[in-house]
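Chemist: For reference, this is run_30.txt, and it has compact mmCIF, C-alpha atoms.
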```txt
# COMPACT_ATOMS: atom_id res chain seq x y z
CA MET A 250 -31.90 -70.69 158.88
CA SER A 251 -32.55 -68.66 155.76
CA ARG A 252 -29.80 -68.20 153.22
CA ILE A 253 -27.46 -65.36 154.15
CA ASP A 254 -27.59 -62.43 151.77
CA TYR A 255 -24.13 -62.19 150.28
CA SER A 256 -24.60 -58.53 149.43
CA VAL A 257 -23.62 -57.64 152.99
CA TRP A 258 -20.06 -58.30 151.87
CA ASP A 259 -20.04 -54.88 150.21
CA HIS A 260 -20.93 -53.02 153.38
CA ILE A 261 -19.29 -54.76 156.33
CA GLU A 262 -15.86 -53.82 157.63
CA VAL A 263 -14.89 -55.95 160.60
CA SER A 264 -12.26 -53.71 162.06
CA ASP A 265 -11.68 -51.16 164.77
CA ASP A 266 -11.32 -48.56 162.01
CA GLU A 267 -14.83 -48.23 160.60
CA ASP A 268 -13.92 -45.72 157.90
CA ASP A 269 -10.54 -46.64 156.42
CA ILE A 270 -10.68 -50.43 156.15
CA HIS A 271 -11.23 -52.03 152.74
CA PRO A 272 -14.70 -53.58 152.37
CA ASN A 273 -13.23 -57.09 152.05
CA ILE A 274 -13.38 -59.00 155.30
CA ASP A 275 -10.00 -59.78 156.84
CA THR A 276 -10.85 -62.04 159.75
CA PRO A 277 -7.44 -61.88 161.49
CA SER A 278 -7.95 -58.13 161.93
CA LEU A 279 -10.70 -59.00 164.42
CA PHE A 280 -8.13 -60.64 166.66
CA ARG A 281 -4.89 -58.86 165.76
CA TRP A 282 -5.18 -56.16 168.42
CA ARG A 283 -5.73 -58.79 171.12
CA HIS A 284 -2.95 -60.97 169.78
CA GLN A 285 -0.55 -58.02 169.63
CA ALA A 286 -1.37 -57.04 173.22
CA ARG A 287 -0.82 -60.64 174.33
CA VAL A 288 2.51 -60.84 172.51
CA GLU A 289 3.67 -57.61 174.14
CA ARG A 290 2.67 -58.91 177.59
CA MET A 291 4.55 -62.16 176.91
CA GLU A 292 7.65 -60.28 175.75
CA GLU A 293 7.54 -58.06 178.83
CA PHE A 294 7.12 -61.09 181.10
CA GLN A 295 9.98 -62.89 179.37
CA LYS A 296 12.20 -59.82 179.75
CA LYS A 297 11.39 -59.77 183.45
CA GLY A 298 12.48 -63.42 183.75
CA GLU A 299 15.72 -62.74 181.92
CA GLU A 300 16.50 -59.83 184.25
CA LEU A 301 15.78 -61.97 187.33
CA ASN A 302 18.03 -64.80 186.11
CA LYS A 303 20.73 -62.30 185.22
CA GLY A 304 20.50 -60.75 188.70
CA LEU A 305 20.72 -64.17 190.36
CA SER A 306 23.70 -65.18 188.24
CA GLU A 307 25.53 -61.92 188.99
CA CYS A 308 24.88 -62.31 192.72
CA ARG A 309 26.20 -65.88 192.67
CA ARG A 310 29.30 -64.78 190.77
CA LYS A 311 30.04 -62.12 193.39
CA LEU A 312 29.42 -64.63 196.17
CA ALA A 313 31.80 -67.13 194.57
CA ASP A 314 34.50 -64.44 194.27
CA THR A 315 33.96 -63.43 197.90
CA GLN A 316 34.18 -67.03 199.16
CA LYS A 317 37.38 -67.53 197.16
CA LYS A 318 38.83 -64.41 198.74
CA ILE A 319 37.86 -65.66 202.21
CA LYS A 320 39.85 -68.87 201.62
CA GLU A 321 42.89 -66.83 200.59
CA LEU A 322 42.64 -64.54 203.64
CA THR A 323 42.18 -67.48 206.00
CA ILE A 324 45.56 -68.88 204.98
CA SER A 325 47.31 -65.58 205.65
CA THR A 326 48.53 -64.87 209.21
CA SER A 327 49.10 -61.11 208.90
CA GLU A 328 47.10 -58.65 210.96
CA ASP A 329 45.91 -56.83 207.87
CA ALA A 330 44.59 -60.08 206.45
CA LYS A 331 42.65 -60.79 209.63
CA ALA A 332 41.04 -57.32 209.52
CA GLU A 333 40.21 -57.74 205.86
CA LEU A 334 38.79 -61.20 206.54
CA SER A 335 36.21 -59.74 208.90
CA LYS A 336 34.97 -57.32 206.24
CA VAL A 337 34.86 -59.98 203.51
CA GLN A 338 32.92 -62.36 205.77
CA ALA A 339 30.36 -59.60 206.37
CA GLU A 340 30.14 -59.12 202.60
CA GLU A 341 29.64 -62.89 202.20
CA LYS A 342 26.76 -62.82 204.66
CA LYS A 343 25.16 -59.92 202.77
CA LEU A 344 25.55 -61.68 199.39
CA LYS A 345 24.03 -64.90 200.74
CA LYS A 346 20.97 -62.91 201.82
CA GLU A 347 20.78 -61.29 198.38
CA GLU A 348 21.09 -64.72 196.78
CA ARG A 349 18.12 -65.98 198.79
CA ASP A 350 16.10 -62.91 197.74
CA TRP A 351 16.96 -63.48 194.07
CA GLU A 352 16.10 -67.17 194.34
CA ARG A 353 12.75 -66.27 195.92
CA LYS A 354 11.99 -63.83 193.09
CA VAL A 355 12.96 -66.35 190.42
CA GLY A 356 10.83 -68.98 192.14
CA ASP A 357 7.84 -66.63 192.19
CA TYR A 358 8.40 -65.90 188.51
CA GLN A 359 8.53 -69.59 187.61
CA ARG A 360 5.32 -70.29 189.54
CA GLU A 361 3.65 -67.35 187.82
CA GLU A 362 4.87 -68.65 184.46
CA LYS A 363 3.28 -72.06 185.11
CA LYS A 364 -0.04 -70.40 185.92
CA MET A 365 -0.11 -68.39 182.71
CA PRO A 366 -2.82 -69.63 180.30
CA TRP A 367 -1.78 -71.18 177.04
CA ASN A 368 -2.58 -69.45 173.81
CA VAL A 369 -1.94 -69.83 170.10
CA ASP A 370 1.63 -68.58 170.59
CA THR A 371 2.60 -70.88 173.46
CA LEU A 372 0.87 -73.76 171.72
CA SER A 373 3.36 -73.45 168.90
CA LYS A 374 6.56 -73.90 170.89
CA ASP A 375 9.10 -76.33 169.47
CA GLY A 376 8.45 -79.93 170.38
CA PHE A 377 4.69 -79.59 170.57
CA SER A 378 3.64 -80.18 167.01
CA LYS A 379 4.91 -81.42 163.72
CA SER A 380 3.16 -80.96 160.42
CA ILE A 381 3.20 -83.29 157.45
CA VAL A 382 1.75 -80.57 155.21
CA ASN A 383 4.13 -77.85 154.08
CA VAL A 384 3.11 -74.29 153.48
CA LYS A 385 3.05 -73.21 149.89
CA PRO A 386 4.92 -70.00 149.08
CA GLU A 387 2.47 -67.15 149.51
CA THR A 388 1.74 -64.90 146.56
CA GLU A 389 0.18 -61.49 147.04
CA GLU A 390 -3.46 -61.45 145.96
CA THR A 391 -5.35 -58.38 144.87
CA GLU A 392 -8.52 -57.41 146.73
CA GLU A 393 -10.60 -58.43 143.71
CA GLU A 394 -8.93 -61.84 143.65
CA LYS A 395 -9.57 -62.32 147.36
CA GLU A 396 -13.21 -61.41 146.97
CA GLN A 397 -13.67 -63.72 144.00
CA LYS A 398 -11.89 -66.52 145.83
CA HIS A 399 -14.22 -66.07 148.79
CA LYS A 400 -17.33 -66.05 146.60
CA THR A 401 -16.27 -69.17 144.74
CA PHE A 402 -15.44 -71.01 147.95
CA VAL A 403 -18.73 -70.07 149.61
CA GLU A 404 -20.79 -71.06 146.58
CA LYS A 405 -19.16 -74.48 146.65
CA TYR A 406 -18.99 -75.20 150.39
CA GLU A 407 -21.63 -73.00 152.05
CA LYS A 408 -23.67 -75.94 153.31
CA GLU A 409 -20.61 -77.62 154.84
CA ILE A 410 -19.45 -74.39 156.52
CA LYS A 411 -22.88 -73.90 158.08
CA HIS A 412 -22.84 -77.48 159.34
CA PHE A 413 -19.47 -76.91 161.02
CA GLY A 414 -20.80 -73.69 162.54
CA MET A 415 -23.59 -75.62 164.27
CA LEU A 416 -21.36 -78.26 165.90
CA ARG A 417 -20.90 -78.18 169.66
CA ARG A 418 -18.54 -80.96 170.80
CA TRP A 419 -14.76 -80.89 170.31
CA ASP A 420 -14.75 -84.45 168.97
CA ASP A 421 -17.50 -83.67 166.47
CA SER A 422 -15.64 -80.61 165.20
CA GLN A 423 -12.36 -82.50 164.87
CA LYS A 424 -13.98 -85.40 163.02
CA TYR A 425 -15.85 -83.08 160.67
CA LEU A 426 -12.66 -81.20 159.78
CA SER A 427 -10.86 -84.53 159.31
CA ASP A 428 -13.56 -85.49 156.81
CA HIS A 429 -13.59 -82.00 155.24
CA PRO A 430 -10.02 -80.64 155.59
CA HIS A 431 -10.62 -78.09 152.81
CA LEU A 432 -12.73 -76.13 155.33
CA VAL A 433 -9.65 -75.28 157.41
CA CYS A 434 -8.94 -71.92 155.78
CA GLU A 435 -9.52 -68.17 155.97
CA GLU A 436 -12.59 -68.35 153.74
CA THR A 437 -14.41 -70.50 156.31
CA ALA A 438 -13.48 -68.12 159.11
CA ASN A 439 -14.62 -65.13 157.04
CA TYR A 440 -17.98 -66.72 156.29
CA LEU A 441 -18.52 -67.63 159.96
CA VAL A 442 -17.86 -64.01 160.94
CA ILE A 443 -20.49 -62.78 158.47
CA MET A 444 -22.85 -65.51 159.66
CA CYS A 445 -22.47 -64.40 163.29
CA ILE A 446 -23.24 -60.77 162.47
CA ASP A 447 -26.27 -61.73 160.37
CA LEU A 448 -27.64 -63.93 163.17
CA GLU A 449 -27.21 -61.14 165.71
CA VAL A 450 -28.99 -58.69 163.40
CA GLU A 451 -31.82 -61.22 163.13
CA GLU A 452 -31.85 -61.37 166.97
CA LYS A 453 -30.98 -65.09 166.95
CA HIS A 454 -28.63 -64.57 169.87
CA ALA A 455 -28.23 -68.16 171.07
CA LEU A 456 -27.44 -69.38 167.57
CA MET A 457 -24.98 -66.53 167.08
CA GLU A 458 -23.11 -67.57 170.23
CA GLN A 459 -22.86 -71.14 168.99
CA VAL A 460 -21.44 -70.11 165.62
CA ALA A 461 -19.13 -67.64 167.39
CA HIS A 462 -17.64 -70.56 169.33
CA GLN A 463 -16.82 -72.34 166.06
CA THR A 464 -15.41 -69.11 164.64
CA ILE A 465 -12.90 -68.91 167.49
CA VAL A 466 -12.04 -72.58 167.00
CA MET A 467 -11.19 -71.88 163.37
CA GLN A 468 -9.32 -68.72 164.25
CA PHE A 469 -7.17 -70.50 166.86
CA ILE A 470 -6.27 -73.13 164.28
CA LEU A 471 -5.33 -70.47 161.71
CA GLU A 472 -3.22 -68.55 164.23
CA LEU A 473 -1.50 -71.77 165.29
CA ALA A 474 -0.72 -72.58 161.66
CA LYS A 475 0.65 -69.07 161.15
CA SER A 476 2.92 -69.42 164.19
CA LEU A 477 4.16 -72.82 163.06
CA LYS A 478 4.44 -71.63 159.44
CA VAL A 479 2.52 -74.66 158.20
CA ASP A 480 -0.66 -75.30 156.25
CA PRO A 481 -3.67 -75.09 158.62
CA ARG A 482 -4.81 -78.50 157.43
CA GLY A 483 -1.67 -79.95 158.94
CA CYS A 484 -2.09 -78.67 162.49
CA PHE A 485 -5.79 -78.62 163.39
CA ARG A 486 -5.43 -81.99 165.15
CA GLN A 487 -2.78 -80.49 167.45
CA PHE A 488 -5.20 -77.76 168.41
CA PHE A 489 -7.94 -80.21 169.38
CA ALA A 490 -5.46 -82.43 171.23
CA LYS A 491 -4.37 -79.43 173.27
CA ILE A 492 -7.81 -77.91 173.91
CA LYS A 493 -9.31 -81.22 175.00
CA THR A 494 -6.55 -81.92 177.53
CA ALA A 495 -5.96 -78.33 178.65
CA ASP A 496 -6.32 -77.18 182.22
CA GLN A 497 -8.91 -74.71 183.45
CA GLN A 498 -6.69 -71.71 182.79
CA TYR A 499 -6.30 -72.53 179.11
CA GLN A 500 -10.04 -73.02 178.77
CA GLU A 501 -10.55 -69.64 180.40
CA ALA A 502 -8.16 -68.09 177.86
CA PHE A 503 -10.19 -69.60 175.02
CA ASN A 504 -13.43 -68.36 176.59
CA ASP A 505 -11.94 -64.89 176.99
CA GLU A 506 -11.24 -64.77 173.25
CA LEU A 507 -14.77 -66.00 172.59
CA GLU A 508 -16.43 -63.38 174.80
CA SER A 509 -14.38 -60.61 173.22
CA PHE A 510 -15.41 -61.76 169.74
CA LYS A 511 -19.10 -61.93 170.67
CA GLU A 512 -18.94 -58.36 171.97
CA ARG A 513 -17.46 -57.22 168.66
CA VAL A 514 -20.18 -59.07 166.77
CA ARG A 515 -22.86 -57.32 168.84
CA GLY A 516 -21.18 -54.00 168.14
CA ARG A 517 -21.01 -54.63 164.39
CA ALA A 518 -24.64 -55.80 164.34
CA LYS A 519 -25.70 -52.63 166.11
CA ILE A 520 -23.84 -50.52 163.55
CA ARG A 521 -25.52 -52.39 160.68
CA ILE A 522 -28.97 -51.93 162.22
CA GLU A 523 -28.39 -48.22 162.79
CA LYS A 524 -27.06 -47.83 159.25
CA ALA A 525 -30.08 -49.65 157.82
CA MET A 526 -32.43 -47.42 159.81
CA LYS A 527 -30.70 -44.29 158.56
CA GLU A 528 -30.87 -45.53 154.99
CA TYR A 529 -34.57 -46.30 155.39
CA GLU A 530 -35.26 -42.88 156.87
CA GLU A 531 -33.33 -41.22 154.06
CA GLU A 532 -35.29 -43.19 151.44
CA GLU A 533 -38.55 -42.13 153.05
CA ARG A 534 -37.37 -38.53 153.16
CA GLN A 535 -36.39 -38.65 149.48
CA LYS A 536 -39.87 -39.95 148.61
CA ARG A 537 -41.56 -36.90 150.11
CA LEU A 538 -39.26 -34.26 148.65
CA GLY A 539 -41.00 -31.62 146.59
CA PRO A 540 -40.32 -30.66 142.95
CA GLY A 541 -37.53 -28.34 144.06
CA GLY A 542 -35.85 -31.02 146.17
CA LEU A 543 -36.93 -29.61 149.55
CA ASP A 544 -38.44 -31.59 152.42
CA PRO A 545 -42.01 -30.32 153.09
CA VAL A 546 -41.73 -31.18 156.78
CA GLU A 547 -38.51 -29.18 157.17
CA VAL A 548 -39.94 -26.26 155.19
CA TYR A 549 -43.18 -26.26 157.20
CA GLU A 550 -41.25 -26.23 160.49
CA SER A 551 -39.20 -23.25 159.26
CA LEU A 552 -42.28 -21.11 158.45
CA PRO A 553 -43.54 -18.39 160.78
CA PRO A 554 -46.33 -19.66 163.09
CA GLU A 555 -48.96 -17.55 161.29
CA MET A 556 -48.08 -19.19 157.94
CA GLN A 557 -48.10 -22.65 159.52
CA LYS A 558 -51.63 -21.97 160.74
CA CYS A 559 -52.73 -21.19 157.16
CA PHE A 560 -51.48 -24.56 155.96
CA ASP A 561 -52.95 -26.33 158.99
CA GLU A 562 -56.40 -24.90 158.19
CA LYS A 563 -55.88 -25.00 154.41
CA ASP A 564 -57.13 -21.43 154.25
CA ILE A 565 -55.91 -19.63 151.12
CA GLN A 566 -57.57 -16.36 152.04
CA MET A 567 -55.81 -16.39 155.41
CA LEU A 568 -52.49 -17.09 153.65
CA GLN A 569 -53.05 -14.12 151.34
CA GLU A 570 -53.65 -11.86 154.30
CA VAL A 571 -50.57 -13.13 156.15
CA ILE A 572 -48.31 -12.64 153.12
CA SER A 573 -49.68 -9.15 152.46
CA LYS A 574 -48.49 -8.09 155.90
CA MET A 575 -44.98 -9.55 155.54
CA ASP A 576 -41.82 -8.01 154.13
CA PRO A 577 -41.92 -8.68 150.34
CA THR A 578 -38.42 -10.27 150.22
CA GLU A 579 -39.14 -12.53 153.18
CA ALA A 580 -42.59 -13.48 151.86
CA LYS A 581 -41.19 -14.33 148.42
CA ALA A 582 -38.47 -16.53 149.95
CA HIS A 583 -41.02 -18.43 152.06
CA MET A 584 -43.37 -18.97 149.15
CA LYS A 585 -40.55 -20.20 146.89
CA ARG A 586 -39.53 -22.77 149.48
CA CYS A 587 -43.18 -23.81 149.85
CA ILE A 588 -43.40 -24.40 146.10
CA ASP A 589 -40.04 -26.27 145.96
CA SER A 590 -41.17 -28.55 148.79
CA GLY A 591 -44.64 -29.18 147.36
CA LEU A 592 -46.47 -27.44 150.21
CA TRP A 593 -47.83 -24.95 147.68
CA VAL A 594 -48.79 -26.11 144.18
CA PRO A 595 -49.46 -23.21 141.76
CA ASN A 596 -52.11 -23.83 139.06
CA ALA A 597 -53.16 -27.10 140.71
CA LYS A 598 -56.06 -29.12 139.30
CA GLY A 599 -59.47 -28.59 140.78
CA ASP A 600 -61.83 -31.22 142.06
CA ASP A 601 -63.15 -31.84 138.50
CA GLY A 602 -59.63 -32.76 137.34
CA GLU A 603 -59.37 -29.82 134.87
CA GLU A 604 -56.59 -27.29 134.86
CA LYS A 605 -57.69 -24.05 136.43
CA GLY A 606 -55.35 -22.08 134.19
CA ASP A 607 -56.37 -18.44 134.10
CA GLU A 608 -59.78 -18.92 135.70
CA LYS A 609 -60.81 -16.52 138.43
CA ASP A 610 -60.77 -19.28 141.08
CA ASP A 611 -57.14 -20.20 140.37
CA GLU A 612 -54.97 -20.57 143.50
CA PRO A 613 -53.06 -17.27 143.50
CA THR A 614 -49.30 -17.29 143.03
CA TYR A 615 -47.02 -15.13 145.12
CA GLU A 616 -46.90 -12.49 142.37
CA GLU A 617 -50.69 -12.35 142.25
CA ILE A 618 -50.88 -11.91 146.00
CA GLN A 619 -48.28 -9.17 145.82
CA HIS A 620 -50.24 -7.44 143.04
CA GLU A 621 -53.39 -7.49 145.19
CA LYS A 622 -51.37 -6.11 148.06
CA GLU A 623 -50.05 -3.20 145.95
CA GLU A 624 -53.53 -2.45 144.58
CA ALA A 625 -54.90 -2.37 148.08
CA LYS A 626 -52.27 0.18 149.12
CA LYS A 627 -53.17 2.44 146.17
CA GLU A 628 -56.81 2.47 147.22
```
The structure in this file should be written as structure tokens.
Modeler:
Amino acid sequence: MSRIDYSVWDHIEVSDDEDDIHPNIDTPSLFRWRHQARVERMEEFQKKGEELNKGLSECRRKLADTQKKIKELTISTSEDAKAELSKVQAEEKKLKKEERDWERKVGDYQREEKKMPWNVDTLSKDGFSKSIVNVKPETEETEEEKEQKHKTFVEKYEKEIKHFGMLRRWDDSQKYLSDHPHLVCEETANYLVIMCIDLEVEEKHALMEQVAHQTIVMQFILELAKSLKVDPRGCFRQFFAKIKTADQQYQEAFNDELESFKERVRGRAKIRIEKAMKEYEEEERQKRLGPGGLDPVEVYESLPPEMQKCFDEKDIQMLQEVISKMDPTEAKAHMKRCIDSGLWVPNAKGDDGEEKGDEKDDEPTYEEIQHEKEEAKKE
């Protein structure tokens, strides 16, 4: 694959907001909206579980109070106690039914919870992983510093990043990162994103999908590290251990992230292609602008049909006749635009290459045509 042109860095914004984002790539922004939605769904699901457990606990408390009251009423021999006992026993029966309903709902919730796919948030629960590499205190970097850091990293490790992007097997990826732990960082993820978009623009779709897979691998590791608050180099083994032993649902969750990313890459590639086409068309338009900065095609299309015919047939005499019949103000405006666009070139050189100057066969200017028109009226 040919070397990726780094100049694309100045023009790519990988974000849902195509206008306001800073030109520097921020890879997590590609996934933040999906991560935020997932977190909100998890919080909502957790809240539902808490409400179910609270409802079950409250029902059991009421049932315990009712059963205690039944014991007290059973001991009593008064008529009032016997009448009250009947009501409390009916209440006990009702509460036992409610308890069964709550238990059924909690059971359904627990089964649903077990079926939920794992993700970078659930991977990072306590007890799952332990890092031997501590996170260094983060210092805020300027955009210029981030860009320079990215450039320096890519210049040094571009070949290694590309190699990682071409790997296919989990074991191969894990071993390569074990041998090159410095690649486990945002700069690698950023470069892989750019690489994916470039490949899609070049219509190397299969290769793009392969590199996209490795991009998601790196992103999952980075998100896991962020959740655990550890250096990414200290937790990538946990990711591979989990992904290689995960059930089908977790694999489907990973694939869902991958498909979403590939769609975004295709969208960004399409935007780049359309932008490049517009820039090319604008460059071509600029090349054909006349001395006054007007587009000859646009000017020609704005002329009256009878004037267009004159230019089509390159008939100066016909043009003189057409202008002589037009309103002077309108005719002057049209001729000025023709000159500014290069459609009409006053005092142009003849076939012999010499300036016509004031010779009789000069191409007439608008003023000369108007003078002939006025003379004709006097006659």
Chemist: Would you please work out which residue, of A:Arg513, A:Lys491, A:Lys574, A:Lys478, is nearest to A:Ile443 when using only C-alpha atoms?
Modeler: A:Arg513
Chemist: Nearest residue to A:Lys563 out of A:Phe469, A:Glu436, A:Leu592, A:Ala455, using all atoms listed in the file?
Modeler: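 Residue with the minimum atom-to-atom distance to A:Lys563: A:Leu592.
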Chemist: Which is closest to A:Asp420 among A:Glu348, A:Glu299, A:Thr323, A:Phe489, if we use only C-alpha atoms?
Modeler: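 Among the listed residues, A:Phe489 lies closest to A:Asp420.
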Chemist: Distance atom CA of A:Ala474-atom CA of A:Ser422, one decimal place?
Modeler: 17.3 Å
Chemist: Would you mind reading off the distance between atom CA of A:Lys558 and atom CA of A:Asp576, one decimal, in Å?
Modeler: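 Atom CA of A:Lys558 sits 18.3 Å away from atom CA of A:Asp576.
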Chemist: Excluding A:Gln459 and residues on its chain fewer than 5 positions from it, collect all residues at most 8 Å away from it, counting all atoms listed in the file, and give them as a list in words.
Modeler: Gly414, Met415, Leu416 and Arg417 of chain A
Chemist: Please provide as a PyMOL selection string all residues within 12 Å of A:Lys343, with the sequence filter that same-chain residues fewer than 3 positions apart are discarded (counting only C-alpha atoms).
Modeler: chain A and resi 308-309+311-312+315+336-340+346-350
Chemist: Could the residues in this selection be written to a file with C-alpha atoms, as a PDB file, in the frame of the given file?
Modeler:
```
ATOM      1  CA  CYS A 308      24.880 -62.310 192.720  1.00  0.00           C
ATOM      2  CA  ARG A 309      26.200 -65.880 192.670  1.00  0.00           C
ATOM      3  CA  LYS A 311      30.040 -62.120 193.390  1.00  0.00           C
ATOM      4  CA  LEU A 312      29.420 -64.630 196.170  1.00  0.00           C
ATOM      5  CA  THR A 315      33.960 -63.430 197.900  1.00  0.00           C
ATOM      6  CA  LYS A 336      34.970 -57.320 206.240  1.00  0.00           C
ATOM      7  CA  VAL A 337      34.860 -59.980 203.510  1.00  0.00           C
ATOM      8  CA  GLN A 338      32.920 -62.360 205.770  1.00  0.00           C
ATOM      9  CA  ALA A 339      30.360 -59.600 206.370  1.00  0.00           C
ATOM     10  CA  GLU A 340      30.140 -59.120 202.600  1.00  0.00           C
ATOM     11  CA  LYS A 346      20.970 -62.910 201.820  1.00  0.00           C
ATOM     12  CA  GLU A 347      20.780 -61.290 198.380  1.00  0.00           C
ATOM     13  CA  GLU A 348      21.090 -64.720 196.780  1.00  0.00           C
ATOM     14  CA  ARG A 349      18.120 -65.980 198.790  1.00  0.00           C
ATOM     15  CA  ASP A 350      16.100 -62.910 197.740  1.00  0.00           C
TER      16      ASP A 350
END
```
Chemist: Rank nothing, just name the residue among A:Trp593, A:Ser573, A:Leu432, A:Glu333 nearest to A:Lys320, using all atoms listed in the file.
Modeler: A:Glu333
Chemist: Kindly indicate which residue among A:Thr391, A:Lys297, A:Gly542, A:His431 lies nearest to A:Gln359, using all atoms listed in the file for the distances.
Modeler: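 Closest candidate: A:Lys297.
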Chemist: Measure the distance from atom CA of A:Lys411 to atom CA of A:Val479 in Å and round it to one decimal.
Modeler: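 For atom CA of A:Lys411 relative to atom CA of A:Val479, the distance reads 25.4 Å.
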Chemist: Tell me which protein, DNA and RNA residues are within 12 Å of A:Pro430, counting all atoms listed in the file, leaving out same-chain ones fewer than 6 positions away, and put them as a ChimeraX atom specification.
Modeler: /A:382,406,409-410,413,422-424,437,467,480-486
Chemist: Compare A:Glu501, A:Glu451, A:Asp564, A:Glu472 by their minimum atom-to-atom distance to A:Arg521, counting only C-alpha atoms, and give me the closest one.
Modeler: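 Of A:Glu501, A:Glu451, A:Asp564, A:Glu472, the one nearest A:Arg521 is A:Glu451, counting only C-alpha atoms.
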